[in-house]
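Asker: Got a file for you: model20.pdb, PDB, C-alpha atoms.
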```
MODEL        1
ATOM      1  CA  MET A1455     170.396-113.183 -81.399
ATOM      2  CA  THR A1456     172.726-110.578 -79.937
ATOM      3  CA  ASP A1457     173.402-106.913 -80.542
ATOM      4  CA  SER A1458     176.949-107.604 -81.666
ATOM      5  CA  ARG A1459     176.288-109.485 -84.891
ATOM      6  CA  ARG A1460     173.949-109.729 -87.850
ATOM      7  CA  TRP A1461     170.992-112.034 -87.588
ATOM      8  CA  PRO A1462     171.994-115.194 -89.452
ATOM      9  CA  VAL A1463     168.526-116.008 -90.832
ATOM     10  CA  HIS A1464     165.779-113.734 -92.097
ATOM     11  CA  PRO A1465     163.292-113.834 -94.991
ATOM     12  CA  ALA A1466     163.556-111.064 -97.566
ATOM     13  CA  PRO A1467     160.863-108.382 -97.415
ATOM     14  CA  ILE A1468     158.113-108.672-100.006
ATOM     15  CA  PRO A1469     157.518-105.640-102.275
ATOM     16  CA  GLY A1470     155.006-103.351-100.570
ATOM     17  CA  GLU A1471     155.093-105.268 -97.293
ATOM     18  CA  ALA A1472     154.387-103.472 -94.007
ATOM     19  CA  LEU A1473     157.253-103.356 -91.512
ATOM     20  CA  SER A1474     155.424-105.201 -88.720
ATOM     21  CA  SER A1475     154.538-107.957 -91.194
ATOM     22  CA  TRP A1476     158.175-108.507 -92.151
ATOM     23  CA  LEU A1477     159.318-108.458 -88.528
ATOM     24  CA  ARG A1478     156.705-111.045 -87.555
ATOM     25  CA  ARG A1479     157.977-113.331 -90.303
ATOM     26  CA  ILE A1480     161.548-112.874 -89.059
ATOM     27  CA  ALA A1481     160.491-113.564 -85.461
ATOM     28  CA  VAL A1482     158.954-116.910 -86.437
ATOM     29  CA  ARG A1483     162.357-118.075 -87.715
ATOM     30  CA  TYR A1484     163.698-117.680 -84.174
ATOM     31  CA  ASP A1485     160.611-118.971 -82.353
ATOM     32  CA  ALA A1486     160.194-115.484 -80.903
ATOM     33  CA  ASN A1487     157.462-112.875 -80.871
ATOM     34  CA  LEU A1488     157.430-109.344 -82.194
ATOM     35  CA  ASP A1489     158.197-107.801 -78.784
ATOM     36  CA  ASP A1490     161.284-110.004 -78.404
ATOM     37  CA  LEU A1491     162.578-108.963 -81.797
ATOM     38  CA  VAL A1492     162.065-105.257 -81.183
ATOM     39  CA  SER A1493     163.701-105.519 -77.753
ATOM     40  CA  ASP A1494     166.696-107.271 -79.287
ATOM     41  CA  LEU A1495     167.098-104.247 -81.545
ATOM     42  CA  GLY A1496     167.259-102.064 -78.429
ATOM     43  CA  PHE A1497     163.793-100.492 -78.712
ATOM     44  CA  GLY A1498     160.505-100.750 -76.851
ATOM     45  CA  LEU A1499     157.298-101.610 -78.668
ATOM     46  CA  GLY A1500     154.191 -99.566 -77.969
ATOM     47  CA  GLU A1501     151.675-100.888 -80.496
ATOM     48  CA  PRO A1502     152.555-103.047 -83.536
ATOM     49  CA  LYS A1503     150.779-100.484 -85.737
ATOM     50  CA  ASP A1504     153.357 -97.893 -84.649
ATOM     51  CA  LEU A1505     155.967 -99.800 -86.658
ATOM     52  CA  ASP A1506     153.864 -99.347 -89.784
ATOM     53  CA  THR A1507     153.260 -95.637 -89.161
ATOM     54  CA  PHE A1508     156.076 -93.972 -87.177
ATOM     55  CA  PRO A1509     158.749 -96.359 -85.877
ATOM     56  CA  PRO A1510     161.343 -94.931 -83.448
ATOM     57  CA  THR A1511     164.204 -92.832 -84.760
ATOM     58  CA  GLY A1512     167.108 -95.075 -85.699
ATOM     59  CA  PHE A1513     164.963 -98.208 -85.898
ATOM     60  CA  ALA A1514     165.377 -98.692 -89.659
ATOM     61  CA  ARG A1515     169.128 -98.090 -89.436
ATOM     62  CA  GLU A1516     169.574-100.709 -86.689
ATOM     63  CA  LEU A1517     167.375-103.200 -88.556
ATOM     64  CA  ALA A1518     169.403-102.636 -91.728
ATOM     65  CA  GLN A1519     172.607-103.520 -89.834
ATOM     66  CA  ARG A1520     171.044-106.732 -88.529
ATOM     67  CA  THR A1521     169.594-107.883 -91.856
ATOM     68  CA  GLY A1522     171.726-106.315 -94.568
ATOM     69  CA  VAL A1523     168.597-104.918 -96.229
ATOM     70  CA  ASP A1524     168.981-101.355 -97.526
ATOM     71  CA  VAL A1525     167.882 -98.826 -94.913
ATOM     72  CA  HIS A1526     165.834 -96.849 -97.461
ATOM     73  CA  ARG A1527     163.859 -99.950 -98.381
ATOM     74  CA  ILE A1528     163.124-100.583 -94.708
ATOM     75  CA  GLN A1529     162.011 -96.984 -94.220
ATOM     76  CA  ARG A1530     159.521 -97.340 -97.087
ATOM     77  CA  MET A1531     157.833-100.173 -95.183
ATOM     78  CA  SER A1532     156.361 -97.550 -92.805
ATOM     79  CA  LEU A1533     154.226 -94.505 -93.519
ATOM     80  CA  SER A1534     156.890 -92.126 -92.183
ATOM     81  CA  GLY A1535     159.299 -93.380 -94.834
ATOM     82  CA  TRP A1536     156.998 -91.952 -97.502
ATOM     83  CA  ALA A1537     157.382 -88.318 -96.458
ATOM     84  CA  PRO A1538     157.188 -86.090 -98.454
ATOM     85  CA  TRP A1539     155.769 -88.300-101.238
ATOM     86  CA  LEU A1540     152.693 -89.976 -99.754
ATOM     87  CA  ILE A1541     152.477 -87.662 -96.739
ATOM     88  CA  ASP A1542     153.883 -84.157 -96.359
ATOM     89  CA  GLN A1543     155.289 -84.436 -92.855
ATOM     90  CA  THR A1544     155.399 -86.767 -89.851
ATOM     91  CA  GLU A1545     154.596 -84.151 -87.203
ATOM     92  CA  PRO A1546     151.079 -82.731 -86.630
ATOM     93  CA  ASP A1547     150.428 -79.524 -88.549
ATOM     94  CA  ALA A1548     147.019 -77.839 -88.613
ATOM     95  CA  GLU A1549     147.706 -76.451 -92.094
ATOM     96  CA  ALA A1550     148.798 -79.806 -93.557
ATOM     97  CA  PHE A1551     145.362 -80.571 -94.997
ATOM     98  CA  THR A1552     145.161 -77.339 -96.980
ATOM     99  CA  THR A1553     148.762 -77.696 -98.140
ATOM    100  CA  TYR A1554     148.164 -81.239 -99.376
ATOM    101  CA  THR A1555     144.729 -80.910-100.960
ATOM    102  CA  ARG A1556     144.844 -77.401-102.443
ATOM    103  CA  GLN A1557     148.041 -77.693-104.485
ATOM    104  CA  PHE A1558     146.056 -78.980-107.474
ATOM    105  CA  SER A1559     142.566 -78.465-108.890
ATOM    106  CA  VAL A1560     140.878 -81.061-111.103
ATOM    107  CA  LEU A1561     137.084 -81.170-110.912
ATOM    108  CA  LEU A1562     136.593 -77.665-109.487
ATOM    109  CA  GLN A1563     138.224 -74.357-110.255
ATOM    110  CA  ALA A1564     141.183 -73.405-108.079
ATOM    111  CA  GLY A1565     140.205 -71.351-105.047
ATOM    112  CA  ARG A1566     136.645 -72.639-104.857
ATOM    113  CA  ARG A1567     137.366 -74.886-101.869
ATOM    114  CA  ARG A1568     138.128 -72.928 -98.737
ATOM    115  CA  PRO A1569     141.246 -73.581 -96.625
ATOM    116  CA  ARG A1570     140.767 -75.884 -93.649
ATOM    117  CA  GLU A1571     142.805 -76.313 -90.488
ATOM    118  CA  ILE A1572     142.667 -79.853 -89.100
ATOM    119  CA  SER A1573     144.878 -80.921 -86.221
ATOM    120  CA  GLU A1574     146.329 -84.434 -86.108
ATOM    121  CA  TRP A1575     145.522 -85.078 -89.802
ATOM    122  CA  LEU A1576     147.719 -87.238 -92.026
ATOM    123  CA  ALA A1577     146.914 -88.069 -95.626
ATOM    124  CA  TRP A1578     145.500 -91.576 -96.135
ATOM    125  CA  LEU A1579     145.835 -92.691 -92.493
ATOM    126  CA  PRO A1580     142.332 -93.593 -91.279
ATOM    127  CA  SER A1581     141.197 -92.174 -87.958
ATOM    128  CA  ARG A1582     139.970 -95.636 -86.996
ATOM    129  CA  GLN A1583     142.227 -98.551 -87.854
ATOM    130  CA  ALA A1584     140.608-100.374 -90.774
ATOM    131  CA  LEU A1585     142.651-103.257 -92.105
ATOM    132  CA  ARG A1586     141.690-104.798 -95.438
ATOM    133  CA  ALA A1587     143.431-107.686 -97.150
ATOM    134  CA  CYS A1588     143.507-109.516-100.471
ATOM    135  CA  PRO A1589     142.046-113.012-100.039
ATOM    136  CA  LEU A1590     144.169-114.407-102.884
ATOM    137  CA  CYS A1591     147.403-112.958-101.462
ATOM    138  CA  ILE A1592     146.616-114.708 -98.186
ATOM    139  CA  ALA A1593     145.524-117.942 -99.884
ATOM    140  CA  THR A1594     148.809-118.178-101.797
ATOM    141  CA  SER A1595     151.007-117.436 -98.749
ATOM    142  CA  VAL A1596     151.984-119.408 -95.654
ATOM    143  CA  PRO A1597     151.769-118.350 -91.990
ATOM    144  CA  PRO A1598     152.670-115.886 -90.655
ATOM    145  CA  TYR A1599     150.828-114.254 -93.514
ATOM    146  CA  PRO A1600     152.487-111.134 -94.961
ATOM    147  CA  TYR A1601     150.399-108.025 -95.378
ATOM    148  CA  GLN A1602     150.850-104.859 -97.412
ATOM    149  CA  LEU A1603     151.294-101.319 -96.130
ATOM    150  CA  LEU A1604     148.613-100.219 -98.609
ATOM    151  CA  TRP A1605     146.085-102.484 -96.884
ATOM    152  CA  LEU A1606     146.302-100.251 -93.801
ATOM    153  CA  LEU A1607     145.542 -96.999 -95.659
ATOM    154  CA  SER A1608     142.413 -95.336 -97.098
ATOM    155  CA  LEU A1609     143.983 -95.254-100.547
ATOM    156  CA  THR A1610     143.064 -98.337-102.602
ATOM    157  CA  LEU A1611     140.112-100.608-103.253
ATOM    158  CA  SER A1612     141.766-103.657-104.749
ATOM    159  CA  CYS A1613     144.825-105.836-105.194
ATOM    160  CA  PRO A1614     146.231-105.108-108.677
ATOM    161  CA  ALA A1615     148.192-108.373-108.645
ATOM    162  CA  HIS A1616     145.026-110.492-108.403
ATOM    163  CA  GLY A1617     142.364-108.109-109.686
ATOM    164  CA  CYS A1618     140.043-108.558-106.722
ATOM    165  CA  LEU A1619     138.667-106.301-104.011
ATOM    166  CA  LEU A1620     140.363-106.035-100.648
ATOM    167  CA  GLU A1621     138.188-107.579 -97.948
ATOM    168  CA  PRO A1622     137.640-105.814 -94.593
ATOM    169  CA  ARG A1623     139.200-107.441 -91.532
ATOM    170  CA  ALA A1624     137.893-107.203 -87.976
ATOM    171  CA  LYS A1625     140.873-109.184 -86.673
ATOM    172  CA  ALA A1626     144.418-107.986 -86.062
ATOM    173  CA  ALA A1627     146.710-107.674 -89.064
ATOM    174  CA  SER A1628     148.692-110.737 -88.011
ATOM    175  CA  TYR A1629     145.643-112.970 -87.546
ATOM    176  CA  PHE A1630     144.203-114.859 -90.514
ATOM    177  CA  SER A1631     143.247-118.203 -88.945
ATOM    178  CA  ASP A1632     139.578-117.517 -89.678
ATOM    179  CA  TRP A1633     140.417-117.176 -93.374
ATOM    180  CA  GLU A1634     142.223-120.528 -93.195
ATOM    181  CA  ARG A1635     138.990-122.151 -92.029
ATOM    182  CA  LYS A1636     136.615-120.177 -94.228
ATOM    183  CA  PRO A1637     138.355-118.044 -96.851
ATOM    184  CA  PRO A1638     136.267-115.244 -98.360
ATOM    185  CA  THR A1639     135.275-115.584-101.982
ATOM    186  CA  PRO A1640     137.343-113.138-104.059
ATOM    187  CA  ARG A1641     135.155-110.433-105.559
ATOM    188  CA  PRO A1642     136.025-108.857-108.909
ATOM    189  CA  VAL A1643     136.926-105.188-109.007
ATOM    190  CA  SER A1644     135.650-102.706-111.571
ATOM    191  CA  VAL A1645     137.897-101.818-114.487
ATOM    192  CA  THR A1646     137.996 -98.188-113.381
ATOM    193  CA  ALA A1647     139.015 -98.981-109.789
ATOM    194  CA  LEU A1648     141.634-101.461-110.944
ATOM    195  CA  ALA A1649     143.123 -98.865-113.286
ATOM    196  CA  MET A1650     143.411 -96.328-110.454
ATOM    197  CA  ASP A1651     144.848 -98.847-107.996
ATOM    198  CA  SER A1652     147.343-100.120-110.573
ATOM    199  CA  ARG A1653     148.676 -96.592-110.934
ATOM    200  CA  THR A1654     148.913 -96.280-107.154
ATOM    201  CA  TRP A1655     150.882 -99.522-107.036
ATOM    202  CA  GLN A1656     153.123 -98.177-109.797
ATOM    203  CA  ALA A1657     153.694 -95.056-107.700
ATOM    204  CA  MET A1658     154.595 -97.103-104.621
ATOM    205  CA  THR A1659     156.991 -99.390-106.458
ATOM    206  CA  THR A1660     158.599 -97.170-109.105
ATOM    207  CA  GLY A1661     158.171 -93.622-107.817
ATOM    208  CA  SER A1662     156.242 -92.403-110.871
ATOM    209  CA  VAL A1663     152.904 -92.865-112.648
ATOM    210  CA  ASP A1664     152.000 -92.903-116.343
ATOM    211  CA  LEU A1665     149.151 -90.523-117.123
ATOM    212  CA  PRO A1666     147.692 -90.055-120.621
ATOM    213  CA  ARG A1667     149.817 -87.020-121.432
ATOM    214  CA  ARG A1668     152.983 -87.664-119.501
ATOM    215  CA  GLN A1669     154.637 -89.398-116.595
ATOM    216  CA  VAL A1670     154.297 -87.713-113.198
ATOM    217  CA  HIS A1671     156.102 -88.124-109.886
ATOM    218  CA  ALA A1672     154.433 -90.396-107.324
ATOM    219  CA  GLY A1673     153.947 -87.431-104.995
ATOM    220  CA  ILE A1674     151.878 -85.666-107.658
ATOM    221  CA  TRP A1675     149.718 -88.753-108.220
ATOM    222  CA  PHE A1676     148.874 -89.127-104.523
ATOM    223  CA  ARG A1677     147.926 -85.456-104.291
ATOM    224  CA  LEU A1678     145.841 -85.591-107.460
ATOM    225  CA  ILE A1679     143.779 -88.470-106.072
ATOM    226  CA  ARG A1680     143.370 -86.753-102.710
ATOM    227  CA  THR A1681     142.364 -83.538-104.498
ATOM    228  CA  ILE A1682     139.617 -85.323-106.445
ATOM    229  CA  ILE A1683     138.387 -86.967-103.234
ATOM    230  CA  ASP A1684     138.157 -83.570-101.556
ATOM    231  CA  GLU A1685     136.427 -82.021-104.575
ATOM    232  CA  LEU A1686     133.857 -84.819-104.628
ATOM    233  CA  GLY A1687     133.148 -84.035-100.981
ATOM    234  CA  ALA A1688     132.965 -80.265-101.420
ATOM    235  CA  THR A1689     130.160 -78.586 -99.475
ATOM    236  CA  LEU A1690     127.229 -76.762-101.066
ATOM    237  CA  SER A1691     128.769 -73.404-100.205
ATOM    238  CA  GLU A1692     131.929 -74.411-102.089
ATOM    239  CA  CYS A1693     130.281 -75.650-105.271
ATOM    240  CA  ARG A1694     127.053 -73.898-106.134
ATOM    241  CA  THR A1695     125.159 -73.899-109.454
ATOM    242  CA  THR A1696     127.248 -75.250-112.343
ATOM    243  CA  ALA A1697     130.031 -76.637-110.158
ATOM    244  CA  GLY A1698     127.514 -78.344-107.888
ATOM    245  CA  ARG A1699     125.737 -79.943-110.833
ATOM    246  CA  LEU A1700     129.068 -81.206-112.152
ATOM    247  CA  ILE A1701     129.996 -82.816-108.826
ATOM    248  CA  ASN A1702     126.566 -84.434-108.598
ATOM    249  CA  ARG A1703     127.017 -85.780-112.116
ATOM    250  CA  PHE A1704     130.270 -87.477-111.142
ATOM    251  CA  TRP A1705     128.550 -89.124-108.169
ATOM    252  CA  LYS A1706     125.613 -90.272-110.293
ATOM    253  CA  GLU A1707     127.928 -91.771-112.916
ATOM    254  CA  ALA A1708     129.557 -93.729-110.072
ATOM    255  CA  GLY A1709     126.145 -95.133-109.156
ATOM    256  CA  TYR A1710     125.234 -92.883-106.231
ATOM    257  CA  PRO A1711     122.364 -90.361-106.266
ATOM    258  CA  GLN A1712     124.287 -87.763-104.277
ATOM    259  CA  ARG A1713     127.455 -87.019-102.336
ATOM    260  CA  LEU A1714     128.121 -89.561 -99.589
ATOM    261  CA  GLY A1715     128.902 -88.918 -95.969
ATOM    262  CA  PRO A1716     127.330 -87.128 -92.996
ATOM    263  CA  ARG A1717     125.906 -83.638 -93.451
ATOM    264  CA  SER A1718     128.761 -82.121 -91.458
ATOM    265  CA  TRP A1719     132.004 -82.143 -93.460
ATOM    266  CA  GLN A1720     134.853 -84.441 -92.439
ATOM    267  CA  PRO A1721     138.115 -85.377 -94.160
ATOM    268  CA  HIS A1722     138.074 -88.623 -96.123
ATOM    269  CA  GLU A1723     140.204 -90.400 -93.508
ATOM    270  CA  ALA A1724     137.669 -89.696 -90.742
ATOM    271  CA  TYR A1725     134.592 -91.140 -92.466
ATOM    272  CA  PRO A1726     133.397 -94.700 -91.792
ATOM    273  CA  LEU A1727     135.077 -97.333 -93.948
ATOM    274  CA  ASP A1728     132.059 -97.871 -96.203
ATOM    275  CA  VAL A1729     131.978 -94.155 -97.074
ATOM    276  CA  GLN A1730     135.724 -94.153 -97.757
ATOM    277  CA  LEU A1731     135.413 -97.098-100.126
ATOM    278  CA  ARG A1732     132.490 -95.604-102.041
ATOM    279  CA  THR A1733     134.350 -92.321-102.329
ATOM    280  CA  LEU A1734     137.324 -94.176-103.793
ATOM    281  CA  GLU A1735     134.939 -95.801-106.285
ATOM    282  CA  ALA A1736     133.637 -92.373-107.255
ATOM    283  CA  THR A1737     137.197 -91.088-107.588
ATOM    284  CA  ALA A1738     138.123 -93.923-109.948
ATOM    285  CA  THR A1739     134.973 -93.229-111.960
ATOM    286  CA  ALA A1740     135.812 -89.515-112.143
ATOM    287  CA  ILE A1741     139.288 -90.259-113.480
ATOM    288  CA  HIS A1742     137.803 -92.572-116.120
ATOM    289  CA  LEU A1743     135.234 -89.945-117.166
ATOM    290  CA  LEU A1744     137.946 -87.295-117.463
ATOM    291  CA  GLU A1745     140.175 -89.544-119.554
ATOM    292  CA  SER A1746     137.227 -90.533-121.752
ATOM    293  CA  LYS A1747     136.227 -86.861-122.141
ATOM    294  CA  VAL A1748     132.689 -87.765-121.070
ATOM    295  CA  LEU A1749     132.918 -85.003-118.465
ATOM    296  CA  ILE A1750     135.359 -82.105-118.359
ATOM    297  CA  GLY A1751     136.909 -80.959-115.096
ATOM    298  CA  GLN A1752     136.932 -77.248-114.319
ATOM    299  CA  GLY A1753     140.321 -77.310-112.604
ATOM    300  CA  THR A1754     143.629 -76.417-114.215
ATOM    301  CA  ASP A1755     145.096 -79.857-113.616
ATOM    302  CA  ALA A1756     142.218 -81.727-115.271
ATOM    303  CA  ALA A1757     144.347 -81.448-118.419
ATOM    304  CA  LEU A1758     146.625 -84.143-117.013
ATOM    305  CA  PHE A1759     143.839 -86.676-117.511
ATOM    306  CA  LEU A1760     142.982 -85.712-121.072
ATOM    307  CA  PRO A1761     144.020 -88.234-123.745
ATOM    308  CA  ASP A1762     147.053 -87.658-125.933
ATOM    309  CA  ASP A1763     144.980 -86.328-128.823
ATOM    310  CA  ALA A1764     143.441 -83.571-126.697
ATOM    311  CA  THR A1765     144.321 -80.127-127.904
ATOM    312  CA  SER A1766     142.720 -77.967-125.225
ATOM    313  CA  GLY A1767     144.210 -77.013-121.873
ATOM    314  CA  GLU A1768     147.734 -76.680-120.613
ATOM    315  CA  GLN A1769     149.758 -79.467-119.079
ATOM    316  CA  ALA A1770     149.650 -78.613-115.381
ATOM    317  CA  GLY A1771     151.606 -79.824-112.394
ATOM    318  CA  GLN A1772     154.973 -79.309-114.029
TER     319      GLN A1772
ENDMDL
END
```
Translate this structure into structure tokens?
Answerer:
Amino acid sequence: MTDSRRWPVHPAPIPGEALSSWLRRIAVRYDANLDDLVSDLGFGLGEPKDLDTFPPTGFARELAQRTGVDVHRIQRMSLSGWAPWLIDQTEPDAEAFTTYTRQFSVLLQAGRRRPREISEWLAWLPSRQALRACPLCIATSVPPYPYQLLWLLSLTLSCPAHGCLLEPRAKAASYFSDWERKPPTPRPVSVTALAMDSRTWQAMTTGSVDLPRRQVHAGIWFRLIRTIIDELGATLSECRTTAGRLINRFWKEAGYPQRLGPRSWQPHEAYPLDVQLRTLEATATAIHLLESKVLIGQGTDAALFLPDDATSGEQAGQ
């Protein structure tokens, strides 16, 4: 491989694949490692996870010239390529949390949750790296096993393609030898979680999501989910009396006696993985209850989840 010509051999990226995953699969074709490949592009590699979050400026453009793959498709293989859809910005902004999570209101009335300034926060990027993977995706692939960008984020519970839960991984994203020896048994996912994750996959692959009343932009869908997550985690001072009872009801319908998480408030991305996953379960349950009209959200944008035959409320988020 040289800088003066296109790489002659490279596998095509898989829909939803993380950038480091694709590059590892290319490197194998040349009996090279990831560092060699990145160096050949004229860049230094800090951590492999940096490629999946914020690769260097110009990296996608250079890779597009070497592979012939559209530069926009390559950019979408990293978190930074999803600004401003999945994330608002790529640079730290203390007001980013309030901007992202207060645009809509679903379960609670607008203005009930107070603004929060959080430095170094990015939507869906966990504070502690927490890879999860679909056992059936791995079982039906060959080494080096491809992995999805969504598996690296605190956004989904399951693999919509196989209808099973993502399984936590203690190993590096590129390492699945233990699953070759002893693959985990795929666990079924609830209907409500699968419905939510299928919409998220639709957002990632098509740029829009079908809600009961109308189709919305992917950026709206991601913010609606994150809004519900934040409302479910609202503090007692933010949701007293009726609002507090409503939030508790959503948690109980999801199978939990009360709101999860430590007593001191933290953003979803900072909680331990088990709390994140249970909160996602509660979020999927809340969406199902709204769409079934079992419970009615107090927020303006709850109308987006009402079925087509609903006559009350305005269509928000337009």
Asker: Counting all atoms listed in the file, which residue out of A:Glu1471, A:Asp1547, A:Glu1735, A:Glu1621 sits closest to Leu1609 of chain A?
Answerer: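 Between A:Glu1471, A:Asp1547, A:Glu1735, A:Glu1621, the residue approaching Leu1609 of chain A most closely is A:Glu1735.
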Asker: Report the residues retrieved by the PyMOL selection byres ((chain A and resi 1723) around 7) from the displayed file, expressed as a PyMOL selection string.
Answerer: chain A and resi 1578-1581+1608+1721-1722+1724-1725
Asker: Could those residues be written to a file, using C-alpha atoms, as a PDB file, keeping the file's coordinate frame?
Answerer:
```pdb
ATOM      1  CA  TRP A1578     145.500 -91.576 -96.135  1.00  0.00           C
ATOM      2  CA  LEU A1579     145.835 -92.691 -92.493  1.00  0.00           C
ATOM      3  CA  PRO A1580     142.332 -93.593 -91.279  1.00  0.00           C
ATOM      4  CA  SER A1581     141.197 -92.174 -87.958  1.00  0.00           C
ATOM      5  CA  SER A1608     142.413 -95.336 -97.098  1.00  0.00           C
ATOM      6  CA  PRO A1721     138.115 -85.377 -94.160  1.00  0.00           C
ATOM      7  CA  HIS A1722     138.074 -88.623 -96.123  1.00  0.00           C
ATOM      8  CA  ALA A1724     137.669 -89.696 -90.742  1.00  0.00           C
ATOM      9  CA  TYR A1725     134.592 -91.140 -92.466  1.00  0.00           C
TER      10      TYR A1725
END
```
Asker: Using all atoms listed in the file, which of A:Ile1701, A:Ala1593, A:Leu1488, A:Leu1505 sits nearest Arg1635 of chain A?
Answerer: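 The answer is A:Ala1593, which sits nearest to Arg1635 of chain A.
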Asker: How many Å separate atom CA of Thr1654 of chain A from atom CA of Val1523 of chain A?
Answerer: 24.1 Å
Asker: Give me the residues near segment 1494-1502 of chain A as number ranges by chain, where near means some atom within 12 Å (using all atoms listed in the file) and where sequence neighbours in that chain fewer than 6 positions away do not count.
Answerer: A: 1455-1461, 1472-1478, 1481, 1484, 1486-1488, 1508-1521, 1532, 1626-1628
Asker: For each of A:Ala1756, A:Met1658, A:Leu1607, A:Ala1577, take the minimum atom-to-atom distance to Val1560 of chain A, counting all atoms listed in the file, then give the residue where this is smallest.
Answerer: A:Ala1756
Asker: Is it possible to get the axis-aligned box enclosing segment 1660-1678 of chain A (all listed atoms, 4 Å extra per side) as lines of an AutoDock Vina configuration file, with centre and edge lengths in Å rounded to one decimal?
Answerer:
```
center_x = 152.2
center_y = -91.3
center_z = -112.9
size_x = 20.8
size_y = 19.7
size_z = 25.1
```
Asker: Return the single residue from A:Gln1557, A:Arg1479, A:Asp1489, A:Ile1683 that is closest to Val1596 of chain A, with distances computed using all atoms listed in the file.
Answerer: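 Among A:Gln1557, A:Arg1479, A:Asp1489, A:Ile1683, it is A:Arg1479 that comes nearest to Val1596 of chain A.
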Asker: Return the single residue from A:Leu1648, A:Ala1466, A:Cys1613, A:Leu1619 that is closest to Ile1528 of chain A, with distances computed using all atoms listed in the file.
Answerer: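 Smallest separation from Ile1528 of chain A among the options: A:Ala1466.
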Asker: Give as a list in words the residues that the PyMOL selection byres ((chain A and resi 1667) around 10) matches when applied to the coordinates above.
Answerer: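 For this structure, the PyMOL selection byres ((chain A and resi 1667) around 10) resolves to Asp1664, Leu1665, Pro1666, Arg1668, Gln1669, Val1670, Ala1757, Leu1758, Phe1759, Leu1760, Pro1761, Asp1762, Asp1763, Ala1764 and Gln1769 of chain A.
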Asker: Report, in Å to a single decimal, how far apart atom CA of Val1482 of chain A and atom CA of Pro1465 of chain A are.
Answerer: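 Atom CA of Val1482 of chain A lies at a distance of 10.1 Å from atom CA of Pro1465 of chain A.
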Asker: So which residues touch Arg1568 of chain A within 9 Å, counting only C-alpha atoms, skipping near sequence neighbours fewer than 4 positions away, as a ChimeraX atom specification?
Answerer: /A:1552,1556,1692
Asker: Selection in question (the file shown): the PyMOL selection byres ((chain A and resi 1673) around 10). Which residues does it include, as a tab-separated table (two decimals) with C-alpha atoms, in the frame of the given file?
Answerer:
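Written file, part-v4.tsv:
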```
chain	number	residue	atom	x	y	z
A	1536	TRP	CA	157.00	-91.95	-97.50
A	1537	ALA	CA	157.38	-88.32	-96.46
A	1538	PRO	CA	157.19	-86.09	-98.45
A	1539	TRP	CA	155.77	-88.30	-101.24
A	1540	LEU	CA	152.69	-89.98	-99.75
A	1541	ILE	CA	152.48	-87.66	-96.74
A	1542	ASP	CA	153.88	-84.16	-96.36
A	1657	ALA	CA	153.69	-95.06	-107.70
A	1658	MET	CA	154.60	-97.10	-104.62
A	1661	GLY	CA	158.17	-93.62	-107.82
A	1662	SER	CA	156.24	-92.40	-110.87
A	1663	VAL	CA	152.90	-92.86	-112.65
A	1670	VAL	CA	154.30	-87.71	-113.20
A	1671	HIS	CA	156.10	-88.12	-109.89
A	1672	ALA	CA	154.43	-90.40	-107.32
A	1674	ILE	CA	151.88	-85.67	-107.66
A	1675	TRP	CA	149.72	-88.75	-108.22
A	1676	PHE	CA	148.87	-89.13	-104.52
A	1677	ARG	CA	147.93	-85.46	-104.29
A	1678	LEU	CA	145.84	-85.59	-107.46
```
Asker: Using only C-alpha atoms, which residue out of A:Phe1630, A:Val1525, A:Arg1703, A:Ala1550 lies closest to Ile1750 of chain A?
Answerer: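 Checking each candidate against Ile1750 of chain A, we get A:Arg1703 as the closest.
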Asker: If you count all atoms listed in the file, which residues fall within 12 Å of Ala1708 of chain A, apart from same-chain ones fewer than 4 positions away, as a compact mmCIF listing (two decimals) with C-alpha atoms, in the coordinates of the input?
Answerer:
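Written output follows (result31.txt):
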```
# COMPACT_ATOMS: atom_id res chain seq x y z
CA SER A 1644 135.65 -102.71 -111.57
CA THR A 1646 138.00 -98.19 -113.38
CA ALA A 1647 139.01 -98.98 -109.79
CA LEU A 1686 133.86 -84.82 -104.63
CA ILE A 1701 130.00 -82.82 -108.83
CA ASN A 1702 126.57 -84.43 -108.60
CA ARG A 1703 127.02 -85.78 -112.12
CA PHE A 1704 130.27 -87.48 -111.14
CA GLN A 1712 124.29 -87.76 -104.28
CA ARG A 1713 127.46 -87.02 -102.34
CA LEU A 1714 128.12 -89.56 -99.59
CA ARG A 1732 132.49 -95.60 -102.04
CA THR A 1733 134.35 -92.32 -102.33
CA LEU A 1734 137.32 -94.18 -103.79
CA GLU A 1735 134.94 -95.80 -106.28
CA ALA A 1736 133.64 -92.37 -107.26
CA THR A 1737 137.20 -91.09 -107.59
CA ALA A 1738 138.12 -93.92 -109.95
CA THR A 1739 134.97 -93.23 -111.96
CA ALA A 1740 135.81 -89.52 -112.14
CA ILE A 1741 139.29 -90.26 -113.48
CA HIS A 1742 137.80 -92.57 -116.12
CA LEU A 1743 135.23 -89.94 -117.17
```
Asker: What's the 12 Å shell around Ser1595 of chain A, counting only C-alpha atoms, without same-chain residues fewer than 6 positions away, as a tab-separated table (two decimals) with C-alpha atoms, keeping the file's coordinate frame?
Answerer:
```
chain	number	residue	atom	x	y	z
A	1468	ILE	CA	158.11	-108.67	-100.01
A	1479	ARG	CA	157.98	-113.33	-90.30
A	1588	CYS	CA	143.51	-109.52	-100.47
A	1589	PRO	CA	142.05	-113.01	-100.04
A	1601	TYR	CA	150.40	-108.02	-95.38
A	1630	PHE	CA	144.20	-114.86	-90.51
A	1633	TRP	CA	140.42	-117.18	-93.37
A	1634	GLU	CA	142.22	-120.53	-93.20
```
Asker: Between atom CA of Pro1597 of chain A and atom CA of His1526 of chain A, what is the distance in Å, rounded to a tenth?
Answerer: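 One can read the atom CA of Pro1597 of chain A to atom CA of His1526 of chain A distance as 26.3 Å.
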